[in-house]
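Dropping my_file32.tsv in here (TSV, C-alpha atoms):
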```
chain	number	residue	atom	x	y	z
A	120	MET	CA	-54.42	-20.91	-22.33
A	121	LYS	CA	-54.01	-24.06	-20.27
A	122	ARG	CA	-52.17	-25.74	-23.10
A	123	ILE	CA	-49.92	-22.69	-23.67
A	124	LEU	CA	-48.82	-22.52	-20.01
A	125	GLN	CA	-48.13	-26.25	-19.91
A	126	SER	CA	-46.07	-26.03	-23.09
A	127	LEU	CA	-44.18	-23.04	-21.68
A	128	ALA	CA	-43.44	-24.94	-18.45
A	129	LEU	CA	-42.10	-27.87	-20.44
A	130	LEU	CA	-40.01	-25.54	-22.60
A	131	VAL	CA	-38.48	-23.75	-19.59
A	132	ALA	CA	-37.59	-27.05	-17.90
A	133	LEU	CA	-36.15	-28.50	-21.11
A	134	VAL	CA	-34.07	-25.43	-22.01
A	135	ALA	CA	-32.72	-25.16	-18.46
A	136	GLY	CA	-31.88	-28.86	-18.29
A	137	LEU	CA	-30.22	-28.90	-21.69
A	138	THR	CA	-28.24	-25.70	-20.95
A	139	TRP	CA	-27.04	-27.21	-17.68
A	140	LEU	CA	-26.00	-30.43	-19.42
A	141	ALA	CA	-24.36	-28.65	-22.35
A	142	THR	CA	-22.21	-26.48	-20.06
A	143	GLY	CA	-20.79	-29.46	-18.19
A	144	ALA	CA	-23.49	-30.41	-15.67
A	145	ASN	CA	-21.92	-28.32	-12.87
A	146	ARG	CA	-23.16	-29.78	-9.60
A	147	GLY	CA	-21.99	-26.75	-7.62
A	148	TRP	CA	-23.28	-23.19	-7.47
A	149	THR	CA	-23.77	-21.08	-10.60
A	150	LYS	CA	-20.61	-19.25	-11.63
A	151	THR	CA	-20.22	-16.18	-13.81
A	152	SER	CA	-16.46	-16.51	-14.15
A	153	VAL	CA	-14.00	-19.38	-14.15
A	154	PRO	CA	-10.43	-19.38	-12.85
A	155	VAL	CA	-7.72	-19.94	-15.43
A	156	LYS	CA	-4.19	-20.79	-14.32
A	157	THR	CA	-1.15	-19.30	-16.02
A	158	LEU	CA	2.39	-20.40	-15.27
A	159	ASP	CA	5.12	-17.82	-14.76
A	160	GLU	CA	8.12	-19.72	-16.08
A	161	VAL	CA	10.74	-17.66	-14.26
A	162	THR	CA	9.32	-17.99	-10.77
A	163	GLY	CA	7.25	-21.15	-11.24
A	164	ILE	CA	4.22	-19.41	-9.75
A	165	GLU	CA	0.82	-20.39	-11.08
A	166	GLY	CA	-1.10	-17.16	-11.50
A	167	ILE	CA	-4.89	-17.14	-11.50
A	168	THR	CA	-7.00	-14.98	-13.76
A	169	TYR	CA	-10.77	-15.08	-14.01
A	170	HIS	CA	-12.44	-15.31	-17.39
A	171	LYS	CA	-16.09	-14.38	-17.77
A	172	LYS	CA	-18.14	-17.50	-18.43
A	173	PHE	CA	-21.63	-18.46	-17.38
A	174	LEU	CA	-21.62	-21.86	-15.77
A	175	PRO	CA	-25.10	-22.77	-14.50
A	176	GLY	CA	-25.22	-24.76	-11.30
A	177	VAL	CA	-27.85	-26.52	-9.24
A	178	ASP	CA	-29.32	-23.19	-8.07
A	179	PHE	CA	-29.95	-22.31	-11.73
A	180	LEU	CA	-31.73	-25.65	-12.21
A	181	ALA	CA	-33.76	-25.14	-9.04
A	182	VAL	CA	-34.93	-21.68	-10.13
A	183	ALA	CA	-35.75	-22.89	-13.65
A	184	PHE	CA	-37.63	-25.99	-12.46
A	185	GLY	CA	-39.38	-23.88	-9.82
A	186	GLY	CA	-40.50	-21.46	-12.52
A	187	ALA	CA	-41.69	-24.36	-14.66
A	188	ALA	CA	-43.65	-25.73	-11.69
A	189	VAL	CA	-45.31	-22.34	-11.14
A	190	LEU	CA	-46.30	-22.19	-14.82
A	191	LEU	CA	-47.65	-25.72	-14.65
A	192	GLY	CA	-49.59	-24.89	-11.49
A	193	ALA	CA	-50.99	-21.75	-13.06
A	194	SER	CA	-52.21	-23.74	-16.02
A	195	PHE	CA	-54.66	-25.60	-13.75
A	196	ILE	CA	-56.41	-22.32	-12.95
A	197	PHE	CA	-57.76	-22.42	-16.45
A	198	ARG	CA	-60.38	-25.14	-16.77
A	199	LYS	CA	-60.77	-27.17	-19.87
A	200	PRO	CA	-64.26	-26.55	-21.32
A	201	SER	CA	-66.52	-29.46	-20.31
A	202	ASN	CA	-68.28	-31.70	-22.85
A	203	GLN	CA	-71.68	-30.42	-21.64
A	204	GLN	CA	-70.68	-26.82	-22.39
A	205	ASN	CA	-69.47	-27.91	-25.79
A	206	ALA	CA	-72.71	-29.64	-26.43
A	207	ASN	CA	-74.74	-26.56	-25.42
A	208	GLN	CA	-72.63	-24.37	-27.62
A	209	THR	CA	-73.07	-26.60	-30.65
A	210	LYS	CA	-76.80	-27.33	-30.11
A	211	PRO	CA	-78.23	-24.04	-31.48
A	212	THR	CA	-76.22	-24.49	-34.64
A	213	THR	CA	-77.78	-27.87	-35.31
A	214	GLU	CA	-81.26	-26.54	-34.49
A	215	LEU	CA	-80.89	-23.86	-37.09
A	216	LYS	CA	-80.33	-26.46	-39.67
B	182	MET	CA	49.15	0.80	3.42
B	183	LYS	CA	49.40	-1.23	6.56
B	184	LEU	CA	47.41	-4.38	7.06
B	185	THR	CA	45.66	-2.86	10.06
B	186	HIS	CA	44.29	-0.16	7.79
B	187	LEU	CA	42.92	-2.71	5.39
B	188	ILE	CA	40.89	-4.58	8.00
B	189	PRO	CA	38.18	-1.89	8.45
B	190	LEU	CA	37.91	-1.50	4.67
B	191	VAL	CA	37.47	-5.23	4.14
B	192	SER	CA	34.94	-5.36	6.97
B	193	LEU	CA	33.00	-2.49	5.45
B	194	ALA	CA	33.04	-4.08	2.01
B	195	THR	CA	31.85	-7.39	3.46
B	196	ALA	CA	29.12	-5.65	5.42
B	197	VAL	CA	27.87	-3.86	2.30
B	198	TYR	CA	27.97	-7.07	0.28
B	199	ALA	CA	26.14	-9.02	2.97
B	200	ALA	CA	23.56	-6.35	3.66
B	201	PRO	CA	20.00	-7.62	3.41
B	202	GLN	CA	18.19	-6.81	0.20
B	203	SER	CA	14.77	-5.24	0.14
B	204	PHE	CA	12.32	-7.06	-2.14
B	205	ASP	CA	9.27	-5.23	-3.40
B	206	PHE	CA	6.26	-7.49	-3.95
B	207	LYS	CA	4.27	-5.17	-6.16
B	208	ASP	CA	3.75	-7.49	-9.09
B	209	PRO	CA	3.96	-6.13	-12.65
B	210	LYS	CA	3.13	-9.56	-14.10
B	211	GLY	CA	-0.03	-10.06	-12.06
B	212	VAL	CA	0.74	-13.65	-11.08
B	213	ASN	CA	1.17	-13.16	-7.33
B	214	ASN	CA	-1.78	-14.73	-5.61
B	215	ALA	CA	-3.25	-15.92	-2.37
B	216	ILE	CA	-5.70	-18.80	-2.65
B	217	PHE	CA	-8.29	-19.51	0.01
B	218	LYS	CA	-10.54	-22.49	0.48
B	219	LEU	CA	-13.43	-23.08	2.85
B	220	ASP	CA	-15.31	-26.35	2.98
B	221	ALA	CA	-19.05	-26.12	2.46
B	222	PRO	CA	-21.77	-28.80	2.01
B	223	LEU	CA	-22.51	-28.46	-1.72
B	224	GLU	CA	-19.01	-27.55	-2.87
B	225	SER	CA	-15.98	-25.92	-1.27
B	226	ILE	CA	-15.71	-22.17	-1.62
B	227	ASN	CA	-12.52	-21.54	-3.57
B	228	GLY	CA	-11.21	-18.12	-4.38
B	229	SER	CA	-8.14	-16.02	-4.69
B	230	ALA	CA	-6.75	-12.58	-4.04
B	231	SER	CA	-4.60	-10.89	-6.63
B	232	SER	CA	-3.75	-7.45	-5.31
B	233	ILE	CA	-0.72	-8.21	-3.17
B	234	THR	CA	1.99	-5.77	-2.12
B	235	GLY	CA	4.63	-5.49	0.57
B	236	THR	CA	8.34	-5.55	1.19
B	237	VAL	CA	10.59	-8.25	2.55
B	238	SER	CA	14.12	-7.85	3.79
B	239	PHE	CA	16.12	-10.91	2.78
B	240	ASP	CA	19.81	-11.62	3.10
B	241	PRO	CA	20.95	-14.51	0.88
B	242	GLU	CA	23.87	-15.03	3.25
B	243	ASN	CA	21.60	-15.13	6.27
B	244	PRO	CA	18.04	-16.16	5.37
B	245	ALA	CA	17.21	-16.60	9.06
B	246	ALA	CA	17.20	-12.82	9.42
B	247	THR	CA	14.33	-12.42	6.97
B	248	THR	CA	11.58	-10.02	8.01
B	249	GLY	CA	8.87	-8.21	6.13
B	250	LYS	CA	5.25	-7.41	5.62
B	251	ILE	CA	2.85	-8.68	2.98
B	252	VAL	CA	-0.41	-6.83	2.34
B	253	VAL	CA	-3.42	-8.25	0.52
B	254	ALA	CA	-6.16	-5.87	-0.62
B	255	ALA	CA	-9.34	-7.43	0.78
B	256	GLU	CA	-11.32	-5.98	-2.13
B	257	SER	CA	-9.34	-8.20	-4.52
B	258	LEU	CA	-10.71	-11.40	-2.99
B	259	THR	CA	-12.67	-13.14	-5.72
B	260	VAL	CA	-14.88	-16.20	-5.96
B	261	PRO	CA	-16.58	-17.34	-9.19
B	262	ASN	CA	-20.11	-16.99	-7.78
B	263	PRO	CA	-21.21	-13.32	-7.72
B	264	MET	CA	-23.58	-13.73	-4.77
B	265	GLN	CA	-20.91	-15.45	-2.69
B	266	LYS	CA	-18.49	-12.66	-3.56
B	267	GLU	CA	-21.00	-10.05	-2.47
B	268	HIS	CA	-21.52	-11.85	0.85
B	269	LEU	CA	-17.77	-12.34	1.32
B	270	HIS	CA	-17.07	-8.62	0.89
B	271	GLY	CA	-20.11	-7.57	2.89
B	272	ALA	CA	-20.37	-6.29	6.44
B	273	ASN	CA	-21.36	-9.70	7.84
B	274	TRP	CA	-18.20	-11.42	6.65
B	275	LEU	CA	-14.96	-9.62	5.75
B	276	ASP	CA	-16.39	-6.09	5.67
B	277	VAL	CA	-13.80	-4.97	3.13
B	278	ALA	CA	-15.01	-1.37	3.26
B	279	LYS	CA	-14.08	-1.16	6.94
B	280	TYR	CA	-11.10	-3.51	6.89
B	281	PRO	CA	-9.47	-3.02	3.46
B	282	GLU	CA	-6.23	-4.88	4.21
B	283	ILE	CA	-5.23	-8.38	5.22
B	284	THR	CA	-1.62	-8.39	6.40
B	285	PHE	CA	1.09	-10.69	7.64
B	286	GLU	CA	4.13	-9.13	9.26
B	287	ALA	CA	6.94	-11.67	9.69
B	288	LYS	CA	9.08	-10.92	12.71
B	289	SER	CA	11.30	-13.97	13.07
B	290	LEU	CA	12.20	-17.26	11.44
B	291	ALA	CA	12.83	-20.59	13.16
B	292	ASN	CA	13.85	-24.08	11.97
B	293	VAL	CA	15.68	-22.49	9.05
B	294	LYS	CA	17.02	-24.98	6.51
B	295	THR	CA	18.80	-23.81	3.40
B	296	ASP	CA	19.58	-25.96	0.39
B	297	ALA	CA	21.19	-24.16	-2.57
B	298	ASN	CA	18.85	-21.25	-3.32
B	299	SER	CA	15.88	-22.57	-1.33
B	300	THR	CA	15.17	-21.99	2.32
B	301	THR	CA	12.39	-23.48	4.40
B	302	ALA	CA	11.47	-22.08	7.77
B	303	ASP	CA	8.71	-21.41	10.23
B	304	ALA	CA	7.86	-17.73	10.13
B	305	THR	CA	6.34	-16.17	13.20
B	306	GLY	CA	4.54	-12.91	12.85
B	307	THR	CA	1.32	-10.99	13.19
B	308	PHE	CA	-1.58	-11.88	10.93
B	309	THR	CA	-4.28	-9.24	10.69
B	310	LEU	CA	-7.68	-10.04	9.25
B	311	HIS	CA	-11.03	-8.35	9.75
B	312	GLY	CA	-9.37	-5.85	12.09
B	313	VAL	CA	-8.12	-8.56	14.44
B	314	SER	CA	-4.39	-9.19	14.86
B	315	LYS	CA	-3.06	-12.51	16.04
B	316	ASP	CA	0.45	-13.93	16.28
B	317	ILE	CA	0.78	-17.09	14.22
B	318	THR	CA	3.57	-19.32	12.93
B	319	VAL	CA	3.44	-20.49	9.33
B	320	PRO	CA	5.74	-22.76	7.33
B	321	ILE	CA	7.27	-20.88	4.42
B	322	LYS	CA	9.57	-21.60	1.52
B	323	LEU	CA	11.86	-18.89	0.16
B	324	THR	CA	13.50	-19.27	-3.22
B	325	TYR	CA	16.20	-16.77	-4.08
B	326	LEU	CA	16.66	-16.27	-7.84
B	327	LYS	CA	19.79	-14.23	-8.33
B	328	ASP	CA	19.91	-11.98	-11.44
B	329	LYS	CA	16.58	-13.36	-12.68
B	330	LEU	CA	14.64	-10.11	-12.64
B	331	SER	CA	15.58	-9.24	-16.22
B	332	ALA	CA	14.15	-12.57	-17.40
B	333	ARG	CA	10.82	-11.50	-15.96
B	334	VAL	CA	10.88	-7.76	-16.49
B	335	PRO	CA	13.06	-6.69	-19.42
B	336	ASN	CA	15.25	-3.60	-18.89
B	337	LEU	CA	15.45	-4.23	-15.15
B	338	LYS	CA	18.38	-5.93	-13.47
B	339	GLY	CA	18.20	-7.51	-10.09
B	340	ASP	CA	17.13	-10.52	-8.08
B	341	LEU	CA	13.86	-12.24	-7.38
B	342	LEU	CA	12.57	-13.77	-4.17
B	343	VAL	CA	9.72	-16.27	-4.35
B	344	ILE	CA	7.75	-16.94	-1.18
B	345	ARG	CA	5.36	-19.85	-0.82
B	346	ALA	CA	3.30	-20.60	2.25
B	347	ASN	CA	0.45	-22.96	3.04
B	348	PHE	CA	-1.36	-22.65	6.33
B	349	THR	CA	-4.75	-22.76	7.99
B	350	ILE	CA	-6.53	-20.17	10.08
B	351	ASN	CA	-9.79	-20.23	11.98
B	352	ARG	CA	-12.24	-17.53	10.96
B	353	GLU	CA	-13.63	-17.44	14.49
B	354	ASP	CA	-10.23	-16.26	15.78
B	355	PHE	CA	-10.74	-13.16	13.65
B	356	ASN	CA	-14.36	-12.52	14.64
B	357	ILE	CA	-15.74	-13.56	11.26
B	358	GLN	CA	-19.24	-14.89	11.96
B	359	LYS	CA	-18.05	-16.42	15.22
B	360	GLY	CA	-20.14	-19.51	16.01
B	361	GLN	CA	-22.39	-18.84	13.02
B	362	TYR	CA	-23.08	-20.86	9.87
B	363	GLU	CA	-20.65	-23.63	10.87
B	364	ASP	CA	-22.92	-26.14	9.13
B	365	LYS	CA	-22.77	-24.10	5.91
B	366	VAL	CA	-19.23	-22.71	5.88
B	367	SER	CA	-16.29	-24.35	7.58
B	368	PRO	CA	-14.71	-22.35	10.41
B	369	THR	CA	-11.26	-23.22	9.09
B	370	ILE	CA	-9.81	-21.47	6.06
B	371	ASP	CA	-6.97	-23.01	4.05
B	372	LEU	CA	-4.62	-20.37	2.69
B	373	SER	CA	-1.95	-20.75	0.06
B	374	LEU	CA	0.36	-17.88	-0.80
B	375	SER	CA	2.57	-17.77	-3.92
B	376	ILE	CA	4.32	-14.47	-4.49
B	377	ALA	CA	7.46	-13.12	-6.09
B	378	GLY	CA	9.24	-9.92	-5.16
B	379	ALA	CA	11.96	-8.00	-6.95
B	380	SER	CA	15.11	-6.32	-5.73
B	381	VAL	CA	16.41	-3.96	-8.40
B	382	THR	CA	20.17	-3.45	-8.58
B	383	LYS	CA	21.26	0.05	-9.54
```

Can you present the structure in this file as C-alpha cells?
Amino acid sequence: MKRILQSLALLVALVAGLTWLATGANRGWTKTSVPVKTLDEVTGIEGITYHKKFLPGVDFLAVAFGGAAVLLGASFIFRKPSNQQNANQTKPTTELK
Amino acid sequence: MKLTHLIPLVSLATAVYAAPQSFDFKDPKGVNNAIFKLDAPLESINGSASSITGTVSFDPENPAATTGKIVVAAESLTVPNPMQKEHLHGANWLDVAKYPEITFEAKSLANVKTDANSTTADATGTFTLHGVSKDITVPIKLTYLKDKLSARVPNLKGDLLVIRANFTINREDFNIQKGQYEDKVSPTIDLSLSIAGASVTK
C-alpha cells in the first residue's frame, strides 16, 4: 500500500508538471478559454472572441503538487513490515522442515 | 421665381444635408469591444465586453456637436479564468444582476481637431458603473467612413462611424470594493473602447 501511494503521488506530480509544460508553461492563473483577435478590415477594429481551451496555470500546479504531497504523506501511515516480523513469519515454515 | 424665394429653399436643403446622422452601435459583426485591464501581483486581469449598444448623433460637417450614449451589458464582461469571472460578476464586485448596464453618455466635445475623416476630441459625459454616475472627460477618436456600410453589411447602404477611446477609471470612485484588496487588484482600471456604428441611408 505504501509503495502504491508513493507511486501515485509521483504519477500525479509528473502528469501535472508535464501537462503544464506541454501547454506552454503558463505562469499565470488557469484559463478555460483564450482570447483570439479578429480584424474587421472595413473599420480596422480588432474584435475579440474567446475559444475554449484549457490552459493550466500555477494554481493547477499548486493543487496537483498539493495532492501529490497528501498522497505521499498518507503513504507513511502504512508501515513497512519490520525484519523481525518477517523473521517470525518465516520461522514456523523452516521449523516444519 | 425671385431670388428671395430661393433663399429659404436653399437654407432648408442645406439644413437637411447638414443634419446630424444617428449611428446605431448594435453590432451585427460582433467585433465591437471594450477591453479592461487591472494590474494584479501574479498577472494582470485582462478581459473584454462584447455586448455593446447605443446611439451617437454625429454630423460630419460639425463633429464638435457629437453626442450620444454607449451601453455595455455588464453580463458580457469576460475574463479567461472562470473563478475570476464569477467573482467579477458577483455581488462583491460588479454585481451584474443588480447593475446590468455600464454606460457613458457623451454630452459635449472639447479640443476638437479634424483631419480628413478623423476627429480627435475630449468627450465629457456621465460614466455610470456599479450604479454610480460620475462626470468624466475621455480622449476619443472618431473616424467617419462614408458609404462604407455596404462593405461591412451587404444589402445595406449607409455610413459607418468608428469610435476609439482609451482612458482610466478608479474602481473606488464607483464603490467597487472601496479600500479593499488593493494589494491584490489595482484600484485603477484601464479601459479601451473600439466600436463601430452604422447609419443606414434610405

* To do: Give as a list in words every residue of chain B that touches chain A within 8 Å, counting all atoms listed in the file.
  =>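 The selection requested is Gly211, Val212, Asn213, Asn214, Leu223, Glu224, Ser229, Ser231, Pro261, Asn262, Pro263, Lys329, Ala332, Arg333, Val343, Ser375, Ile376 and Ala377 of chain B.
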
Give me a file of those residues, with C-alpha atoms, as a compact mmCIF listing (two decimals), in the coordinates of the input.
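Contents of part_7.txt, freshly written:
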```
# COMPACT_ATOMS: atom_id res chain seq x y z
CA GLY B 211 -0.03 -10.06 -12.06
CA VAL B 212 0.74 -13.65 -11.08
CA ASN B 213 1.17 -13.16 -7.33
CA ASN B 214 -1.78 -14.73 -5.61
CA LEU B 223 -22.51 -28.46 -1.72
CA GLU B 224 -19.01 -27.55 -2.87
CA SER B 229 -8.14 -16.02 -4.69
CA SER B 231 -4.60 -10.89 -6.63
CA PRO B 261 -16.58 -17.34 -9.19
CA ASN B 262 -20.11 -16.99 -7.78
CA PRO B 263 -21.21 -13.32 -7.72
CA LYS B 329 16.58 -13.36 -12.68
CA ALA B 332 14.15 -12.57 -17.40
CA ARG B 333 10.82 -11.50 -15.96
CA VAL B 343 9.72 -16.27 -4.35
CA SER B 375 2.57 -17.77 -3.92
CA ILE B 376 4.32 -14.47 -4.49
CA ALA B 377 7.46 -13.12 -6.09
```

* Leu341 (chain B) environment, 9 Å, all atoms listed in the file, sequence neighbours closer than 3 positions dropped, as a list in words -> Thr162 of chain A; Phe204, Thr324, Tyr325, Leu326, Lys327, Asp328, Lys329, Leu330, Ala377, Gly378, Ala379, Ser380 and Val381 of chain B

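The coordinates place CA of Gly235 (chain B) at 25.2 Å from CA of Ala297 (chain B).
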
* Asked: So how far away is CA of Ile317 (chain B) from CA of Ala304 (chain B), in Å?
  -> 8.2 Å

Fewer than 2 positions away in the same chain doesn't count, so skip those; otherwise give me all residues within 8 Å of region 180-185 of chain A, counting all atoms listed in the file, as a CSV table (one decimal) with C-alpha atoms, in the coordinates of the input.
```csv
chain,number,residue,atom,x,y,z
A,131,VAL,CA,-38.5,-23.8,-19.6
A,132,ALA,CA,-37.6,-27.0,-17.9
A,135,ALA,CA,-32.7,-25.2,-18.5
A,136,GLY,CA,-31.9,-28.9,-18.3
A,139,TRP,CA,-27.0,-27.2,-17.7
A,175,PRO,CA,-25.1,-22.8,-14.5
A,176,GLY,CA,-25.2,-24.8,-11.3
A,177,VAL,CA,-27.8,-26.5,-9.2
A,178,ASP,CA,-29.3,-23.2,-8.1
A,187,ALA,CA,-41.7,-24.4,-14.7
A,188,ALA,CA,-43.6,-25.7,-11.7
A,189,VAL,CA,-45.3,-22.3,-11.1
```

* Measure the distance from CA of Leu372 (chain B) to CA of Thr300 (chain B) in Å and round it to one decimal. =>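 Interatomic distance, CA of Leu372 (chain B) to CA of Thr300 (chain B): 19.9 Å.
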
* For Thr247 (chain B), please output as a list in words all residues within 8 Å (counting all atoms listed in the file; exclusion window: fewer than 4 positions along the same chain). => Val237, Ser238, Phe239, Asp240, Asn243, Ala287, Lys288, Ser289 and Leu290 of chain B

Excluding Ile251 (chain B) and residues on its chain fewer than 5 positions from it, collect all residues at most 10 Å away from it, counting only C-alpha atoms, and give them as a compact mmCIF listing (two decimals) with C-alpha atoms, in the coordinates of the input.
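Output contents, as saved in result14.txt:
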```txt
# COMPACT_ATOMS: atom_id res chain seq x y z
CA ASP B 205 9.27 -5.23 -3.40
CA PHE B 206 6.26 -7.49 -3.95
CA LYS B 207 4.27 -5.17 -6.16
CA ILE B 233 -0.72 -8.21 -3.17
CA THR B 234 1.99 -5.77 -2.12
CA GLY B 235 4.63 -5.49 0.57
CA THR B 236 8.34 -5.55 1.19
CA VAL B 237 10.59 -8.25 2.55
CA GLU B 282 -6.23 -4.88 4.21
CA ILE B 283 -5.23 -8.38 5.22
CA THR B 284 -1.62 -8.39 6.40
CA PHE B 285 1.09 -10.69 7.64
CA GLU B 286 4.13 -9.13 9.26
CA ALA B 287 6.94 -11.67 9.69
CA PHE B 308 -1.58 -11.88 10.93
CA ILE B 376 4.32 -14.47 -4.49
```

Listed atoms of region 254-265 of chain B boxed axis-aligned with 5 Å per side, centre + edges as AutoDock Vina command-line options:
```
--center_x -14.9 --center_y -11.6 --center_z -4.2 --size_x 27.4 --size_y 21.5 --size_z 20.0
```

* Compile the contact shell of Ile350 (chain B) as a list in words: residues with an atom at most 12 Å away, counting only C-alpha atoms, same-chain residues fewer than 2 positions apart removed. => Phe217, Lys218, Leu219, Phe308, Thr309, Leu310, Lys315, Asp316, Ile317, Thr318, Val319, Asn347, Phe348, Arg352, Glu353, Asp354, Phe355, Asn356, Ile357, Ser367, Pro368, Thr369, Ile370, Asp371, Leu372 and Ser373 of chain B

Residue completion, region 128-141 of chain A, N, CA and C atoms, as a PDB file, in the frame of the given file:
```pdb
ATOM      1  N   ALA A 128     -44.083 -24.293 -19.599  1.00  0.00           N
ATOM      2  CA  ALA A 128     -43.440 -24.940 -18.450  1.00  0.00           C
ATOM      3  C   ALA A 128     -42.473 -26.022 -18.929  1.00  0.00           C
ATOM      4  N   LEU A 129     -42.938 -26.808 -19.886  1.00  0.00           N
ATOM      5  CA  LEU A 129     -42.100 -27.870 -20.440  1.00  0.00           C
ATOM      6  C   LEU A 129     -40.871 -27.279 -21.148  1.00  0.00           C
ATOM      7  N   LEU A 130     -41.094 -26.193 -21.865  1.00  0.00           N
ATOM      8  CA  LEU A 130     -40.010 -25.540 -22.600  1.00  0.00           C
ATOM      9  C   LEU A 130     -38.947 -24.978 -21.631  1.00  0.00           C
ATOM     10  N   VAL A 131     -39.405 -24.327 -20.582  1.00  0.00           N
ATOM     11  CA  VAL A 131     -38.480 -23.750 -19.590  1.00  0.00           C
ATOM     12  C   VAL A 131     -37.636 -24.857 -18.948  1.00  0.00           C
ATOM     13  N   ALA A 132     -38.298 -25.936 -18.542  1.00  0.00           N
ATOM     14  CA  ALA A 132     -37.590 -27.050 -17.900  1.00  0.00           C
ATOM     15  C   ALA A 132     -36.600 -27.698 -18.868  1.00  0.00           C
ATOM     16  N   LEU A 133     -37.036 -27.864 -20.112  1.00  0.00           N
ATOM     17  CA  LEU A 133     -36.150 -28.500 -21.110  1.00  0.00           C
ATOM     18  C   LEU A 133     -34.942 -27.631 -21.437  1.00  0.00           C
ATOM     19  N   VAL A 134     -35.170 -26.343 -21.672  1.00  0.00           N
ATOM     20  CA  VAL A 134     -34.070 -25.430 -22.010  1.00  0.00           C
ATOM     21  C   VAL A 134     -33.066 -25.354 -20.856  1.00  0.00           C
ATOM     22  N   ALA A 135     -33.598 -25.245 -19.628  1.00  0.00           N
ATOM     23  CA  ALA A 135     -32.720 -25.160 -18.460  1.00  0.00           C
ATOM     24  C   ALA A 135     -31.887 -26.442 -18.303  1.00  0.00           C
ATOM     25  N   GLY A 136     -32.568 -27.568 -18.437  1.00  0.00           N
ATOM     26  CA  GLY A 136     -31.880 -28.860 -18.290  1.00  0.00           C
ATOM     27  C   GLY A 136     -30.811 -29.065 -19.356  1.00  0.00           C
ATOM     28  N   LEU A 137     -31.175 -28.717 -20.598  1.00  0.00           N
ATOM     29  CA  LEU A 137     -30.220 -28.900 -21.690  1.00  0.00           C
ATOM     30  C   LEU A 137     -29.038 -27.925 -21.572  1.00  0.00           C
ATOM     31  N   THR A 138     -29.322 -26.681 -21.149  1.00  0.00           N
ATOM     32  CA  THR A 138     -28.240 -25.700 -20.950  1.00  0.00           C
ATOM     33  C   THR A 138     -27.277 -26.186 -19.878  1.00  0.00           C
ATOM     34  N   TRP A 139     -27.858 -26.699 -18.788  1.00  0.00           N
ATOM     35  CA  TRP A 139     -27.040 -27.210 -17.680  1.00  0.00           C
ATOM     36  C   TRP A 139     -26.162 -28.374 -18.136  1.00  0.00           C
ATOM     37  N   LEU A 140     -26.761 -29.282 -18.913  1.00  0.00           N
ATOM     38  CA  LEU A 140     -26.000 -30.430 -19.420  1.00  0.00           C
ATOM     39  C   LEU A 140     -24.915 -29.997 -20.411  1.00  0.00           C
ATOM     40  N   ALA A 141     -25.293 -29.078 -21.292  1.00  0.00           N
ATOM     41  CA  ALA A 141     -24.360 -28.650 -22.350  1.00  0.00           C
ATOM     42  C   ALA A 141     -23.161 -27.895 -21.791  1.00  0.00           C
TER      43      ALA A 141
END
```
